[in-house]
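Encoded as structure tokens, the structure appears first; notes follow it.
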Amino acid sequence: QILPRLYHENVIDHYNNPRNVGSFDKNDSNVGTGLVGAPACGDVMKLQIKIDEESGKIVDACFKTFGCGSAIASSSVATEWVKGKSMDEVLTIKNTEIAKHLSLPPVKLHCSMLAEDAIKAAVKDVELKRAKLKGNSSADA
Ligand code: FES
Ligand code: FES
């Protein structure tokens, strides 16, 4: 069969009604920004998380994706899944889980990989920022 099978309704839904499209201030010390690209197709995804300073939990997330429908749907799902979780927890989110949730066909697996990579990059970014802040505020650093 040459034609790809019809997309799962979850993909269509997240593509038509993407959740959490937008941007946070990337200079905010409680915001982590993950900007990743897919070498295979040139698509780019920016995913941001907002951390509660006290608990370190992710209280909000948003994305902007310049890419295919599967990438947009994957980022939309990713922003939904990270909310309310700790940074450790979201690092365990696998692209295969996102792909399964959206029933992505194998050729679209790399689109969900963008979302996993973007989550990891966003966590890394905010952790770095917070570590720097801590360093600066301790007197004898
Ligand atoms: Fe939206 Fe599951 S269909 S996150
Ligand atoms: Fe590249 Fe979907 S085709 S991200």
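Residue numbering restarts at 1 for every chain of the structure tokens, chains are lettered A, B, ... in their displayed order, and ligands are numbered from 1 as they appear.
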Kindly provide, as an mmCIF file with N, CA and C atoms, in the first residue's frame, all nucleotide and amino acid residues lying within 6 Å of ligand 2, counting only C-alpha atoms and all ligand atoms.
data_model
loop_
_atom_site.group_PDB
_atom_site.id
_atom_site.type_symbol
_atom_site.label_atom_id
_atom_site.label_comp_id
_atom_site.auth_asym_id
_atom_site.auth_seq_id
_atom_site.Cartn_x
_atom_site.Cartn_y
_atom_site.Cartn_z
ATOM 1 N N ALA A 38 14.816 18.721 13.526
ATOM 2 C CA ALA A 38 14.940 17.379 12.974
ATOM 3 C C ALA A 38 15.772 17.455 11.699
ATOM 4 N N CYS A 41 14.137 16.451 8.201
ATOM 5 C CA CYS A 41 13.157 17.222 7.437
ATOM 6 C C CYS A 41 13.307 18.721 7.629
ATOM 7 N N ASP A 43 12.348 20.429 10.192
ATOM 8 C CA ASP A 43 11.329 21.006 11.067
ATOM 9 C C ASP A 43 11.922 21.399 12.420
ATOM 10 N N GLY A 67 6.543 22.853 11.689
ATOM 11 C CA GLY A 67 6.751 21.498 11.202
ATOM 12 C C GLY A 67 5.470 20.853 10.738
ATOM 13 N N CYS A 68 5.566 19.565 10.542
ATOM 14 C CA CYS A 68 4.455 18.799 9.996
ATOM 15 C C CYS A 68 3.351 18.634 11.053
ATOM 16 N N SER A 70 2.260 15.958 12.427
ATOM 17 C CA SER A 70 2.626 15.018 13.485
ATOM 18 C C SER A 70 3.515 15.679 14.519
ATOM 19 N N ALA A 71 4.377 16.594 14.071
ATOM 20 C CA ALA A 71 5.241 17.319 15.011
ATOM 21 C C ALA A 71 4.400 18.260 15.863
ATOM 22 N N LYS A 108 6.746 8.594 10.743
ATOM 23 C CA LYS A 108 6.537 9.833 11.495
ATOM 24 C C LYS A 108 7.110 9.756 12.915
ATOM 25 N N CYS A 111 9.099 12.697 14.225
ATOM 26 C CA CYS A 111 8.343 13.884 14.628
ATOM 27 C C CYS A 111 8.096 13.851 16.144
#
Where does chain A meet ligand 1 within 6 Å, residue by residue, with the nearest atom pair and distance in Å to one decimal for each, counting only C-alpha atoms and all ligand atoms, listed by chain and rising number, as JSON lines?
{"residue": "A:Asn10", "atom": "CA", "partner": "ligand 1", "partner_atom_place_in_ligand_line": "3 (S)", "distance": 4.8}
{"residue": "A:Val77", "atom": "CA", "partner": "ligand 1", "partner_atom_place_in_ligand_line": "4 (S)", "distance": 4.5}
{"residue": "A:Glu80", "atom": "CA", "partner": "ligand 1", "partner_atom_place_in_ligand_line": "4 (S)", "distance": 5.9}
Can I get the selected residues back with C-alpha atoms, as a short mmCIF file (atom, residue, chain, number, x, y, z; two decimals), in the first residue's frame?
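In the end it all went to result13.cif:
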data_model
loop_
_atom_site.label_atom_id
_atom_site.label_comp_id
_atom_site.auth_asym_id
_atom_site.auth_seq_id
_atom_site.Cartn_x
_atom_site.Cartn_y
_atom_site.Cartn_z
CA ASN A 10 -5.91 12.13 18.32
CA VAL A 77 0.58 16.22 23.63
CA GLU A 80 -0.21 18.41 28.16
#
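Rounded to one decimal, atom CA of A:Val36 and atom CA of A:Ile58 lie 19.6 Å from each other.
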Would you mind listing what lies within 8 Å of A:Ala121 as a list in words, with only C-alpha atoms counted and same-chain residues fewer than 4 positions away left out?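 Surrounding residues, per the criterion: Gly32, Thr33, Gly34, Leu35, Val36, Asp117 and Asp125 of chain A.
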So, counting only C-alpha atoms, which residue among A:Phe63, A:Trp81, A:Tyr7, A:Phe24 is closest to A:Met45?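 Smallest separation from A:Met45 among the options: A:Phe63.
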For A:Gly42, which residue among A:Lys26, A:His14, A:His110, A:Lys85 is the nearest when counting only C-alpha atoms?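 Selected residue with least distance to A:Gly42: A:His110.
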As a PyMOL selection string, please: every residue in stretch 10-133 of chain A that a backbone DSSP assignment puts in helix (DSSP H, G or I). chain A and resi 10-16+69-82+87-90+95-102+106-133
For A:Leu102: contacts at 8 Å, only C-alpha atoms, fewer than 6 positions along chain excluded, given as a tab-separated table (two decimals) with N, CA and C atoms, in the first residue's frame:
chain	number	residue	atom	x	y	z
A	8	HIS	N	-4.86	8.87	13.01
A	8	HIS	CA	-5.68	8.64	14.18
A	8	HIS	C	-6.37	9.93	14.60
A	9	GLU	N	-7.54	9.81	15.18
A	9	GLU	CA	-8.29	11.03	15.54
A	9	GLU	C	-7.55	11.91	16.54
A	10	ASN	N	-6.69	11.31	17.38
A	10	ASN	CA	-5.91	12.13	18.32
A	10	ASN	C	-4.98	13.10	17.59
A	11	VAL	N	-4.39	12.65	16.50
A	11	VAL	CA	-3.51	13.53	15.72
A	11	VAL	C	-4.30	14.67	15.13
A	73	ALA	N	1.20	17.93	16.57
A	73	ALA	CA	0.40	17.10	17.48
A	73	ALA	C	1.28	16.56	18.61
A	74	SER	N	2.51	16.16	18.29
A	74	SER	CA	3.42	15.62	19.32
A	74	SER	C	3.77	16.70	20.34
Can you tell me, as a list in words, what residues are no more than 12 Å from A:Asp88 when counting only C-alpha atoms, ignoring any on the same chain fewer than 6 positions away? Gly56, Lys57, Ile58, Val82, Ile119, Lys120, Val123, Lys124 and Glu127 of chain A
Which of these residues is nearest to A:Val90, using only C-alpha atoms: A:Ala78, A:Ala131, A:Ala40, A:Leu114? A:Ala78
In terms of only C-alpha atoms, the residue from A:Lys64, A:His101, A:Lys134, A:Lys129 at minimal distance from A:Asn20 is A:Lys64
I'd like the interatomic distance between atom CA of A:Lys94 and atom CA of A:Leu133, to a tenth of an Å.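 It comes out at 29.7 Å.
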Just list the residues in stretch 2-140 of chain A DSSP gives strand (DSSP E or B) on the backbone, as a list in words. Val21, Val31, Gly32, Thr33, Gly34, Leu35, Val36, Gly37, Val44, Met45, Lys46, Leu47, Gln48, Ile49, Lys50, Ile51, Lys57, Ile58, Val59, Asp60, Ala61, Cys62, Phe63, Lys64, Thr65, Phe66 and Ser86 of chain A
Option closest in space to A:Ala118, from A:Ala61, A:Ile72, A:Leu47, A:Val21 [counting only C-alpha atoms]: A:Leu47
Residue contacts of A:Ser55 (12 Å, only C-alpha atoms) excluding same-chain residues fewer than 3 positions away, as a list in words: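 Contacts, in chain order: Asn30, Lys50, Ile51, Asp52, Ile58, Val59, Gly84, Lys85, Ser86 and Met87 of chain A.
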